[in-house]
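Q: For reference, the file entry.pdb (PDB, N, CA and C atoms) is included below:
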ATOM      1  N   MET J  72     -26.545  52.121  -6.244
ATOM      2  CA  MET J  72     -26.536  53.564  -6.405
ATOM      3  C   MET J  72     -25.458  53.953  -7.415
ATOM      4  N   SER J  73     -25.772  54.878  -8.274
ATOM      5  CA  SER J  73     -24.844  55.352  -9.289
ATOM      6  C   SER J  73     -23.784  56.252  -8.662
ATOM      7  N   TYR J  74     -22.590  56.218  -9.196
ATOM      8  CA  TYR J  74     -21.506  57.063  -8.689
ATOM      9  C   TYR J  74     -21.806  58.543  -8.898
ATOM     10  N   TYR J  75     -22.467  58.855 -10.021
ATOM     11  CA  TYR J  75     -22.892  60.228 -10.313
ATOM     12  C   TYR J  75     -24.411  60.268 -10.376
ATOM     13  N   ALA J  76     -24.983  61.356  -9.923
ATOM     14  CA  ALA J  76     -26.435  61.528 -10.027
ATOM     15  C   ALA J  76     -26.837  61.668 -11.501
ATOM     16  N   ARG J  77     -26.016  62.394 -12.258
ATOM     17  CA  ARG J  77     -26.247  62.555 -13.696
ATOM     18  C   ARG J  77     -24.909  62.548 -14.411
ATOM     19  N   HIS J  78     -24.881  61.859 -15.525
ATOM     20  CA  HIS J  78     -23.689  61.759 -16.353
ATOM     21  C   HIS J  78     -24.049  62.305 -17.728
ATOM     22  N   VAL J  79     -23.356  63.346 -18.163
ATOM     23  CA  VAL J  79     -23.663  64.030 -19.410
ATOM     24  C   VAL J  79     -22.563  63.722 -20.429
ATOM     25  N   PHE J  80     -22.965  63.148 -21.559
ATOM     26  CA  PHE J  80     -22.026  62.813 -22.614
ATOM     27  C   PHE J  80     -22.223  63.740 -23.804
ATOM     28  N   PHE J  81     -21.157  64.423 -24.190
ATOM     29  CA  PHE J  81     -21.139  65.283 -25.364
ATOM     30  C   PHE J  81     -20.537  64.506 -26.521
ATOM     31  N   CYS J  82     -21.267  64.385 -27.611
ATOM     32  CA  CYS J  82     -20.695  63.805 -28.819
ATOM     33  C   CYS J  82     -19.657  64.798 -29.332
ATOM     34  N   CYS J  83     -18.405  64.367 -29.390
ATOM     35  CA  CYS J  83     -17.318  65.214 -29.889
ATOM     36  C   CYS J  83     -16.648  64.541 -31.085
ATOM     37  N   ASN J  84     -17.426  63.785 -31.824
ATOM     38  CA  ASN J  84     -16.902  63.059 -32.969
ATOM     39  C   ASN J  84     -16.400  64.014 -34.041
ATOM     40  N   GLN J  85     -15.285  63.638 -34.656
ATOM     41  CA  GLN J  85     -14.724  64.404 -35.762
ATOM     42  C   GLN J  85     -14.634  63.493 -36.981
ATOM     43  N   ARG J  86     -15.346  63.848 -38.033
ATOM     44  CA  ARG J  86     -15.338  63.053 -39.272
ATOM     45  C   ARG J  86     -14.464  63.727 -40.324
ATOM     46  N   ASP J  87     -14.284  63.020 -41.413
ATOM     47  CA  ASP J  87     -13.470  63.515 -42.520
ATOM     48  C   ASP J  87     -14.245  64.389 -43.502
ATOM     49  N   GLY J  88     -15.490  64.679 -43.226
ATOM     50  CA  GLY J  88     -16.297  65.516 -44.101
ATOM     51  C   GLY J  88     -17.318  64.745 -44.911
ATOM     52  N   SER J  89     -17.297  63.427 -44.807
ATOM     53  CA  SER J  89     -18.245  62.617 -45.570
ATOM     54  C   SER J  89     -19.655  62.671 -44.989
ATOM     55  N   ARG J  90     -19.764  62.953 -43.702
ATOM     56  CA  ARG J  90     -21.050  63.096 -43.005
ATOM     57  C   ARG J  90     -20.906  64.230 -42.006
ATOM     58  N   PRO J  91     -22.031  64.778 -41.571
ATOM     59  CA  PRO J  91     -21.953  65.809 -40.515
ATOM     60  C   PRO J  91     -21.324  65.243 -39.250
ATOM     61  N   CYS J  92     -20.697  66.107 -38.495
ATOM     62  CA  CYS J  92     -20.166  65.678 -37.198
ATOM     63  C   CYS J  92     -20.339  66.798 -36.184
ATOM     64  N   CYS J  93     -20.526  66.404 -34.957
ATOM     65  CA  CYS J  93     -20.793  67.364 -33.881
ATOM     66  C   CYS J  93     -19.615  68.294 -33.620
ATOM     67  N   ASN J  94     -18.393  67.775 -33.766
ATOM     68  CA  ASN J  94     -17.237  68.610 -33.457
ATOM     69  C   ASN J  94     -17.090  69.785 -34.418
ATOM     70  N   ASP J  95     -17.571  69.632 -35.647
ATOM     71  CA  ASP J  95     -17.543  70.759 -36.589
ATOM     72  C   ASP J  95     -18.490  71.880 -36.164
ATOM     73  N   LYS J  96     -19.375  71.587 -35.220
ATOM     74  CA  LYS J  96     -20.345  72.583 -34.741
ATOM     75  C   LYS J  96     -20.008  73.064 -33.331
ATOM     76  N   GLY J  97     -18.742  72.880 -32.921
ATOM     77  CA  GLY J  97     -18.288  73.427 -31.646
ATOM     78  C   GLY J  97     -18.478  72.538 -30.436
ATOM     79  N   ALA J  98     -18.666  71.246 -30.631
ATOM     80  CA  ALA J  98     -18.963  70.347 -29.515
ATOM     81  C   ALA J  98     -17.872  70.328 -28.447
ATOM     82  N   SER J  99     -16.617  70.245 -28.837
ATOM     83  CA  SER J  99     -15.538  70.174 -27.835
ATOM     84  C   SER J  99     -15.452  71.468 -27.029
ATOM     85  N   ARG J 100     -15.582  72.587 -27.721
ATOM     86  CA  ARG J 100     -15.541  73.888 -27.026
ATOM     87  C   ARG J 100     -16.702  74.009 -26.040
ATOM     88  N   LEU J 101     -17.896  73.588 -26.442
ATOM     89  CA  LEU J 101     -19.054  73.705 -25.559
ATOM     90  C   LEU J 101     -19.036  72.651 -24.457
ATOM     91  N   ARG J 102     -18.409  71.510 -24.687
ATOM     92  CA  ARG J 102     -18.198  70.539 -23.607
ATOM     93  C   ARG J 102     -17.312  71.166 -22.538
ATOM     94  N   ASP J 103     -16.226  71.801 -22.960
ATOM     95  CA  ASP J 103     -15.332  72.467 -22.003
ATOM     96  C   ASP J 103     -16.070  73.567 -21.244
ATOM     97  N   TYR J 104     -16.906  74.304 -21.950
ATOM     98  CA  TYR J 104     -17.706  75.348 -21.311
ATOM     99  C   TYR J 104     -18.624  74.737 -20.245
ATOM    100  N   ALA J 105     -19.333  73.663 -20.603
ATOM    101  CA  ALA J 105     -20.250  73.005 -19.662
ATOM    102  C   ALA J 105     -19.496  72.471 -18.451
ATOM    103  N   LYS J 106     -18.347  71.869 -18.695
ATOM    104  CA  LYS J 106     -17.543  71.316 -17.609
ATOM    105  C   LYS J 106     -17.141  72.420 -16.627
ATOM    106  N   GLY J 107     -16.696  73.542 -17.160
ATOM    107  CA  GLY J 107     -16.314  74.665 -16.310
ATOM    108  C   GLY J 107     -17.494  75.251 -15.550
ATOM    109  N   ARG J 108     -18.614  75.378 -16.213
ATOM    110  CA  ARG J 108     -19.797  75.952 -15.563
ATOM    111  C   ARG J 108     -20.323  75.043 -14.457
ATOM    112  N   VAL J 109     -20.376  73.731 -14.714
ATOM    113  CA  VAL J 109     -20.838  72.772 -13.703
ATOM    114  C   VAL J 109     -19.905  72.814 -12.487
ATOM    115  N   LYS J 110     -18.616  72.900 -12.751
ATOM    116  CA  LYS J 110     -17.648  72.973 -11.652
ATOM    117  C   LYS J 110     -17.820  74.274 -10.857
ATOM    118  N   ALA J 111     -17.968  75.399 -11.561
ATOM    119  CA  ALA J 111     -18.133  76.702 -10.908
ATOM    120  C   ALA J 111     -19.391  76.757 -10.050
ATOM    121  N   LEU J 112     -20.428  76.047 -10.457
ATOM    122  CA  LEU J 112     -21.687  76.026  -9.706
ATOM    123  C   LEU J 112     -21.669  75.018  -8.555
ATOM    124  N   GLY J 113     -20.576  74.283  -8.404
ATOM    125  CA  GLY J 113     -20.484  73.285  -7.337
ATOM    126  C   GLY J 113     -21.316  72.039  -7.612
ATOM    127  N   LEU J 114     -21.594  71.777  -8.879
ATOM    128  CA  LEU J 114     -22.438  70.630  -9.234
ATOM    129  C   LEU J 114     -21.630  69.394  -9.620
ATOM    130  N   SER J 115     -20.301  69.505  -9.695
ATOM    131  CA  SER J 115     -19.491  68.388 -10.182
ATOM    132  C   SER J 115     -18.973  67.528  -9.037
ATOM    133  N   GLY J 116     -18.657  66.292  -9.384
ATOM    134  CA  GLY J 116     -18.045  65.382  -8.420
ATOM    135  C   GLY J 116     -18.928  64.203  -8.079
ATOM    136  N   PRO J 117     -18.396  63.284  -7.299
ATOM    137  CA  PRO J 117     -19.154  62.082  -6.909
ATOM    138  C   PRO J 117     -20.501  62.440  -6.285
ATOM    139  N   GLY J 118     -21.522  61.727  -6.724
ATOM    140  CA  GLY J 118     -22.870  61.981  -6.228
ATOM    141  C   GLY J 118     -23.549  63.163  -6.881
ATOM    142  N   LYS J 119     -22.832  63.824  -7.783
ATOM    143  CA  LYS J 119     -23.375  65.009  -8.444
ATOM    144  C   LYS J 119     -23.382  64.789  -9.957
ATOM    145  N   VAL J 120     -22.746  65.695 -10.701
ATOM    146  CA  VAL J 120     -22.780  65.661 -12.167
ATOM    147  C   VAL J 120     -21.379  65.440 -12.719
ATOM    148  N   ARG J 121     -21.306  64.659 -13.778
ATOM    149  CA  ARG J 121     -20.057  64.454 -14.515
ATOM    150  C   ARG J 121     -20.304  64.808 -15.977
ATOM    151  N   ILE J 122     -19.431  65.650 -16.534
ATOM    152  CA  ILE J 122     -19.480  66.009 -17.950
ATOM    153  C   ILE J 122     -18.363  65.246 -18.650
ATOM    154  N   ASN J 123     -18.701  64.505 -19.694
ATOM    155  CA  ASN J 123     -17.721  63.707 -20.418
ATOM    156  C   ASN J 123     -17.817  63.898 -21.918
ATOM    157  N   GLN J 124     -16.711  63.643 -22.570
ATOM    158  CA  GLN J 124     -16.658  63.574 -24.025
ATOM    159  C   GLN J 124     -16.994  62.151 -24.444
ATOM    160  N   ALA J 125     -17.727  62.035 -25.512
ATOM    161  CA  ALA J 125     -18.009  60.720 -26.095
ATOM    162  C   ALA J 125     -17.554  60.735 -27.542
ATOM    163  N   GLY J 126     -17.345  59.556 -28.067
ATOM    164  CA  GLY J 126     -17.145  59.430 -29.501
ATOM    165  C   GLY J 126     -18.492  59.621 -30.167
ATOM    166  N   CYS J 127     -18.657  59.082 -31.327
ATOM    167  CA  CYS J 127     -19.902  59.270 -32.058
ATOM    168  C   CYS J 127     -21.082  58.650 -31.316
ATOM    169  N   LEU J 128     -22.106  59.450 -31.102
ATOM    170  CA  LEU J 128     -23.352  58.968 -30.509
ATOM    171  C   LEU J 128     -24.368  58.636 -31.602
ATOM    172  N   ASP J 129     -23.947  58.729 -32.852
ATOM    173  CA  ASP J 129     -24.710  58.342 -34.031
ATOM    174  C   ASP J 129     -25.980  59.165 -34.251
ATOM    175  N   ARG J 130     -25.937  60.425 -33.807
ATOM    176  CA  ARG J 130     -27.060  61.337 -34.072
ATOM    177  C   ARG J 130     -26.524  62.672 -34.582
ATOM    178  N   CYS J 131     -25.349  62.634 -35.195
ATOM    179  CA  CYS J 131     -24.671  63.855 -35.621
ATOM    180  C   CYS J 131     -25.496  64.688 -36.598
ATOM    181  N   GLU J 132     -26.319  64.032 -37.415
ATOM    182  CA  GLU J 132     -27.158  64.776 -38.358
ATOM    183  C   GLU J 132     -28.164  65.659 -37.630
ATOM    184  N   GLU J 133     -28.468  65.316 -36.388
ATOM    185  CA  GLU J 133     -29.408  66.100 -35.580
ATOM    186  C   GLU J 133     -28.686  67.020 -34.607
ATOM    187  N   GLY J 134     -27.393  66.982 -34.603
ATOM    188  CA  GLY J 134     -26.577  67.579 -33.555
ATOM    189  C   GLY J 134     -26.188  69.004 -33.810
ATOM    190  N   PRO J 135     -25.274  69.475 -32.987
ATOM    191  CA  PRO J 135     -24.529  68.705 -32.008
ATOM    192  C   PRO J 135     -25.460  68.195 -30.905
ATOM    193  N   CYS J 136     -25.044  67.096 -30.288
ATOM    194  CA  CYS J 136     -25.941  66.474 -29.322
ATOM    195  C   CYS J 136     -25.236  66.048 -28.041
ATOM    196  N   ILE J 137     -26.050  65.945 -27.005
ATOM    197  CA  ILE J 137     -25.619  65.377 -25.725
ATOM    198  C   ILE J 137     -26.713  64.431 -25.243
ATOM    199  N   VAL J 138     -26.325  63.546 -24.346
ATOM    200  CA  VAL J 138     -27.298  62.683 -23.686
ATOM    201  C   VAL J 138     -27.017  62.741 -22.187
ATOM    202  N   VAL J 139     -28.078  62.814 -21.402
ATOM    203  CA  VAL J 139     -27.988  62.882 -19.946
ATOM    204  C   VAL J 139     -28.480  61.559 -19.378
ATOM    205  N   TYR J 140     -27.604  60.865 -18.662
ATOM    206  CA  TYR J 140     -27.977  59.623 -17.977
ATOM    207  C   TYR J 140     -27.959  59.842 -16.485
ATOM    208  N   PRO J 141     -28.793  59.141 -15.716
ATOM    209  CA  PRO J 141     -29.596  57.988 -16.095
ATOM    210  C   PRO J 141     -30.945  58.350 -16.715
ATOM    211  N   ASP J 142     -31.182  59.623 -16.959
ATOM    212  CA  ASP J 142     -32.483  60.071 -17.461
ATOM    213  C   ASP J 142     -32.736  59.677 -18.912
ATOM    214  N   ALA J 143     -31.665  59.353 -19.658
ATOM    215  CA  ALA J 143     -31.771  58.997 -21.076
ATOM    216  C   ALA J 143     -32.466  60.085 -21.886
ATOM    217  N   VAL J 144     -32.121  61.339 -21.599
ATOM    218  CA  VAL J 144     -32.675  62.481 -22.317
ATOM    219  C   VAL J 144     -31.607  63.004 -23.274
ATOM    220  N   TRP J 145     -31.989  63.113 -24.540
ATOM    221  CA  TRP J 145     -31.110  63.603 -25.593
ATOM    222  C   TRP J 145     -31.448  65.049 -25.902
ATOM    223  N   TYR J 146     -30.392  65.866 -26.060
ATOM    224  CA  TYR J 146     -30.560  67.273 -26.412
ATOM    225  C   TYR J 146     -29.703  67.629 -27.620
ATOM    226  N   HIS J 147     -30.178  68.609 -28.378
ATOM    227  CA  HIS J 147     -29.333  69.305 -29.347
ATOM    228  C   HIS J 147     -29.143  70.701 -28.773
ATOM    229  N   TYR J 148     -28.133  71.386 -29.230
ATOM    230  CA  TYR J 148     -27.829  72.728 -28.720
ATOM    231  C   TYR J 148     -27.109  73.502 -29.805
ATOM    232  N   VAL J 149     -27.048  74.820 -29.611
ATOM    233  CA  VAL J 149     -26.372  75.676 -30.575
ATOM    234  C   VAL J 149     -25.239  76.452 -29.926
ATOM    235  N   ASP J 150     -25.472  76.948 -28.700
ATOM    236  CA  ASP J 150     -24.507  77.862 -28.104
ATOM    237  C   ASP J 150     -24.503  77.759 -26.579
ATOM    238  N   GLU J 151     -23.745  78.648 -25.944
ATOM    239  CA  GLU J 151     -23.624  78.669 -24.492
ATOM    240  C   GLU J 151     -24.968  78.868 -23.801
ATOM    241  N   ALA J 152     -25.842  79.669 -24.391
ATOM    242  CA  ALA J 152     -27.158  79.907 -23.783
ATOM    243  C   ALA J 152     -27.952  78.605 -23.676
ATOM    244  N   ASP J 153     -27.875  77.764 -24.703
ATOM    245  CA  ASP J 153     -28.562  76.472 -24.648
ATOM    246  C   ASP J 153     -27.953  75.578 -23.575
ATOM    247  N   ILE J 154     -26.636  75.559 -23.493
ATOM    248  CA  ILE J 154     -25.955  74.755 -22.467
ATOM    249  C   ILE J 154     -26.334  75.265 -21.077
ATOM    250  N   ASP J 155     -26.348  76.581 -20.903
ATOM    251  CA  ASP J 155     -26.751  77.157 -19.614
ATOM    252  C   ASP J 155     -28.161  76.722 -19.231
ATOM    253  N   GLU J 156     -29.063  76.727 -20.190
ATOM    254  CA  GLU J 156     -30.446  76.336 -19.912
ATOM    255  C   GLU J 156     -30.528  74.861 -19.503
ATOM    256  N   ILE J 157     -29.783  74.001 -20.173
ATOM    257  CA  ILE J 157     -29.761  72.581 -19.804
ATOM    258  C   ILE J 157     -29.194  72.400 -18.398
ATOM    259  N   ILE J 158     -28.125  73.102 -18.101
ATOM    260  CA  ILE J 158     -27.530  73.009 -16.752
ATOM    261  C   ILE J 158     -28.499  73.527 -15.708
ATOM    262  N   ASP J 159     -29.037  74.724 -15.931
ATOM    263  CA  ASP J 159     -29.912  75.349 -14.933
ATOM    264  C   ASP J 159     -31.221  74.583 -14.729
ATOM    265  N   GLU J 160     -31.809  74.125 -15.802
ATOM    266  CA  GLU J 160     -33.106  73.459 -15.686
ATOM    267  C   GLU J 160     -32.985  71.959 -15.401
ATOM    268  N   HIS J 161     -32.230  71.261 -16.212
ATOM    269  CA  HIS J 161     -32.183  69.801 -16.063
ATOM    270  C   HIS J 161     -31.228  69.365 -14.952
ATOM    271  N   LEU J 162     -29.984  69.847 -15.005
ATOM    272  CA  LEU J 162     -29.003  69.362 -14.034
ATOM    273  C   LEU J 162     -29.219  69.913 -12.631
ATOM    274  N   LYS J 163     -29.678  71.134 -12.514
ATOM    275  CA  LYS J 163     -29.925  71.725 -11.189
ATOM    276  C   LYS J 163     -31.321  71.426 -10.657
ATOM    277  N   LYS J 164     -32.333  71.546 -11.519
ATOM    278  CA  LYS J 164     -33.719  71.469 -11.058
ATOM    279  C   LYS J 164     -34.443  70.193 -11.460
ATOM    280  N   GLY J 165     -33.830  69.382 -12.307
ATOM    281  CA  GLY J 165     -34.445  68.122 -12.719
ATOM    282  C   GLY J 165     -35.575  68.261 -13.713
ATOM    283  N   ARG J 166     -35.637  69.413 -14.390
ATOM    284  CA  ARG J 166     -36.702  69.655 -15.373
ATOM    285  C   ARG J 166     -36.155  69.565 -16.794
ATOM    286  N   ILE J 167     -36.755  68.720 -17.595
ATOM    287  CA  ILE J 167     -36.314  68.536 -18.976
ATOM    288  C   ILE J 167     -36.594  69.803 -19.776
ATOM    289  N   VAL J 168     -35.645  70.198 -20.597
ATOM    290  CA  VAL J 168     -35.786  71.376 -21.456
ATOM    291  C   VAL J 168     -36.383  70.901 -22.780
ATOM    292  N   GLU J 169     -37.698  70.946 -22.879
ATOM    293  CA  GLU J 169     -38.405  70.379 -24.022
ATOM    294  C   GLU J 169     -38.006  71.016 -25.355
ATOM    295  N   ARG J 170     -37.734  72.308 -25.367
ATOM    296  CA  ARG J 170     -37.416  72.977 -26.636
ATOM    297  C   ARG J 170     -36.102  72.483 -27.232
ATOM    298  N   LEU J 171     -35.223  71.902 -26.422
ATOM    299  CA  LEU J 171     -33.938  71.403 -26.909
ATOM    300  C   LEU J 171     -33.894  69.875 -27.004
ATOM    301  N   ARG J 172     -34.961  69.237 -26.568
ATOM    302  CA  ARG J 172     -34.991  67.781 -26.570
ATOM    303  C   ARG J 172     -35.031  67.236 -27.994
ATOM    304  N   MET J 173     -34.281  66.177 -28.217
ATOM    305  CA  MET J 173     -34.272  65.501 -29.523
ATOM    306  C   MET J 173     -35.361  64.471 -29.558
TER     307      MET J 173
END
Kindly transcribe the structure held in the file into structure tokens.
A:
Amino acid sequence: MSYYARHVFFCCNQRDGSRPCCNDKGASRLRDYAKGRVKALGLSGPGKVRINQAGCLDRCEEGPCIVVYPDAVWYHYVDEADIDEIIDEHLKKGRIVERLRM
């Protein structure tokens, strides 16, 4: 059994400008937002959801991006509304948000 039901990794890579990077598109700020929202909803902790920062997930050109495990579902997002939809639909209800899926 997995320690967390779902583990969400936010690419928060920061590059020198030679290639796109997720952090230039607000990844760290939106990771913090997601972490706070998951905690406020009582979804965080062992057996529940964990929000983590990752280094480069190598999809920055399509990003910013996150991946949800163990489901292996990749998402791109733009703002808090997209993060809210992923939390409400995927993390709470187990339904993939097709419009944001990579």
Q: Using the chain letters and numbers from this file, what does the PyMOL selection byres ((chain J and resi 100-103) around 8) select? Give the answer as a PyMOL selection string.
A: chain J and resi 80-83+94+96-99+104-109+122-124+150-151+154
Q: Exactly which residues make up the result of the PyMOL selection byres (((chain J and resi 91 and name CA) around 7) and name CA) on this file, given as number ranges by chain?
A: J: 88, 90, 92-93, 131-132
Q: Mind telling me what the PyMOL selection byres (((chain J and resi 158-161 and name CA) around 10) and name CA) catches here, as an MDAnalysis selection string?
A: chainID J and resid 77 105 108:109 112 114 120 139 142 144 152:157 162:168
Q: To one decimal place in Å, what is the distance between atom CA of Asn84 of chain J and atom CA of Leu171 of chain J?
A: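 According to the coordinates, atom CA of Asn84 of chain J and atom CA of Leu171 of chain J are separated by 19.9 Å.
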Q: Between atom CA of Ser89 of chain J and atom CA of Arg172 of chain J, measure the distance and give it in Å to one decimal.
A: 25.8 Å
Q: Apply DSSP to the structure's backbone, then extract all residues of segment 98-142 of chain J labelled strand (DSSP E) and return them as a PyMOL selection string.
A: chain J and resi 120-125+136-140
Q: What parts of chain J does DSSP call alpha helix (DSSP H)? I'd like the answer as a PDB file with N, CA and C atoms, in the frame of the given file.
A:
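And here's selection.pdb as it stands now:
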ATOM      1  N   ALA J  98     -18.666  71.246 -30.631  1.00  0.00           N
ATOM      2  CA  ALA J  98     -18.963  70.347 -29.515  1.00  0.00           C
ATOM      3  C   ALA J  98     -17.872  70.328 -28.447  1.00  0.00           C
ATOM      4  N   SER J  99     -16.617  70.245 -28.837  1.00  0.00           N
ATOM      5  CA  SER J  99     -15.538  70.174 -27.835  1.00  0.00           C
ATOM      6  C   SER J  99     -15.452  71.468 -27.029  1.00  0.00           C
ATOM      7  N   ARG J 100     -15.582  72.587 -27.721  1.00  0.00           N
ATOM      8  CA  ARG J 100     -15.541  73.888 -27.026  1.00  0.00           C
ATOM      9  C   ARG J 100     -16.702  74.009 -26.040  1.00  0.00           C
ATOM     10  N   LEU J 101     -17.896  73.588 -26.442  1.00  0.00           N
ATOM     11  CA  LEU J 101     -19.054  73.705 -25.559  1.00  0.00           C
ATOM     12  C   LEU J 101     -19.036  72.651 -24.457  1.00  0.00           C
ATOM     13  N   ARG J 102     -18.409  71.510 -24.687  1.00  0.00           N
ATOM     14  CA  ARG J 102     -18.198  70.539 -23.607  1.00  0.00           C
ATOM     15  C   ARG J 102     -17.312  71.166 -22.538  1.00  0.00           C
ATOM     16  N   ASP J 103     -16.226  71.801 -22.960  1.00  0.00           N
ATOM     17  CA  ASP J 103     -15.332  72.467 -22.003  1.00  0.00           C
ATOM     18  C   ASP J 103     -16.070  73.567 -21.244  1.00  0.00           C
ATOM     19  N   TYR J 104     -16.906  74.304 -21.950  1.00  0.00           N
ATOM     20  CA  TYR J 104     -17.706  75.348 -21.311  1.00  0.00           C
ATOM     21  C   TYR J 104     -18.624  74.737 -20.245  1.00  0.00           C
ATOM     22  N   ALA J 105     -19.333  73.663 -20.603  1.00  0.00           N
ATOM     23  CA  ALA J 105     -20.250  73.005 -19.662  1.00  0.00           C
ATOM     24  C   ALA J 105     -19.496  72.471 -18.451  1.00  0.00           C
ATOM     25  N   LYS J 106     -18.347  71.869 -18.695  1.00  0.00           N
ATOM     26  CA  LYS J 106     -17.543  71.316 -17.609  1.00  0.00           C
ATOM     27  C   LYS J 106     -17.141  72.420 -16.627  1.00  0.00           C
ATOM     28  N   GLY J 107     -16.696  73.542 -17.160  1.00  0.00           N
ATOM     29  CA  GLY J 107     -16.314  74.665 -16.310  1.00  0.00           C
ATOM     30  C   GLY J 107     -17.494  75.251 -15.550  1.00  0.00           C
ATOM     31  N   ARG J 108     -18.614  75.378 -16.213  1.00  0.00           N
ATOM     32  CA  ARG J 108     -19.797  75.952 -15.563  1.00  0.00           C
ATOM     33  C   ARG J 108     -20.323  75.043 -14.457  1.00  0.00           C
ATOM     34  N   VAL J 109     -20.376  73.731 -14.714  1.00  0.00           N
ATOM     35  CA  VAL J 109     -20.838  72.772 -13.703  1.00  0.00           C
ATOM     36  C   VAL J 109     -19.905  72.814 -12.487  1.00  0.00           C
ATOM     37  N   LYS J 110     -18.616  72.900 -12.751  1.00  0.00           N
ATOM     38  CA  LYS J 110     -17.648  72.973 -11.652  1.00  0.00           C
ATOM     39  C   LYS J 110     -17.820  74.274 -10.857  1.00  0.00           C
ATOM     40  N   ALA J 111     -17.968  75.399 -11.561  1.00  0.00           N
ATOM     41  CA  ALA J 111     -18.133  76.702 -10.908  1.00  0.00           C
ATOM     42  C   ALA J 111     -19.391  76.757 -10.050  1.00  0.00           C
ATOM     43  N   GLU J 151     -23.745  78.648 -25.944  1.00  0.00           N
ATOM     44  CA  GLU J 151     -23.624  78.669 -24.492  1.00  0.00           C
ATOM     45  C   GLU J 151     -24.968  78.868 -23.801  1.00  0.00           C
ATOM     46  N   ALA J 152     -25.842  79.669 -24.391  1.00  0.00           N
ATOM     47  CA  ALA J 152     -27.158  79.907 -23.783  1.00  0.00           C
ATOM     48  C   ALA J 152     -27.952  78.605 -23.676  1.00  0.00           C
ATOM     49  N   ASP J 153     -27.875  77.764 -24.703  1.00  0.00           N
ATOM     50  CA  ASP J 153     -28.562  76.472 -24.648  1.00  0.00           C
ATOM     51  C   ASP J 153     -27.953  75.578 -23.575  1.00  0.00           C
ATOM     52  N   ILE J 154     -26.636  75.559 -23.493  1.00  0.00           N
ATOM     53  CA  ILE J 154     -25.955  74.755 -22.467  1.00  0.00           C
ATOM     54  C   ILE J 154     -26.334  75.265 -21.077  1.00  0.00           C
ATOM     55  N   ASP J 155     -26.348  76.581 -20.903  1.00  0.00           N
ATOM     56  CA  ASP J 155     -26.751  77.157 -19.614  1.00  0.00           C
ATOM     57  C   ASP J 155     -28.161  76.722 -19.231  1.00  0.00           C
ATOM     58  N   GLU J 156     -29.063  76.727 -20.190  1.00  0.00           N
ATOM     59  CA  GLU J 156     -30.446  76.336 -19.912  1.00  0.00           C
ATOM     60  C   GLU J 156     -30.528  74.861 -19.503  1.00  0.00           C
ATOM     61  N   LYS J 164     -32.333  71.546 -11.519  1.00  0.00           N
ATOM     62  CA  LYS J 164     -33.719  71.469 -11.058  1.00  0.00           C
ATOM     63  C   LYS J 164     -34.443  70.193 -11.460  1.00  0.00           C
TER      64      LYS J 164
END
Q: Report, in Å with one decimal, the straight-line distance from atom CA of Tyr75 of chain J to atom CA of Gly118 of chain J.
A: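 These atoms are spaced 4.4 Å apart.
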Q: Counting only C-alpha atoms, I want the residues whose atoms come within 9 Å of (-30.6, 65.8, -26.9) in the file frame, returned as a PyMOL selection string.
A: chain J and resi 133-139+144-148+171-173
Q: So, counting all atoms listed in the file, which residue among J:Gly126, J:Pro141, J:Asp95, J:Gly113 is closest to His78 of chain J?
A: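 For His78 of chain J, the nearest of the candidates is J:Pro141.
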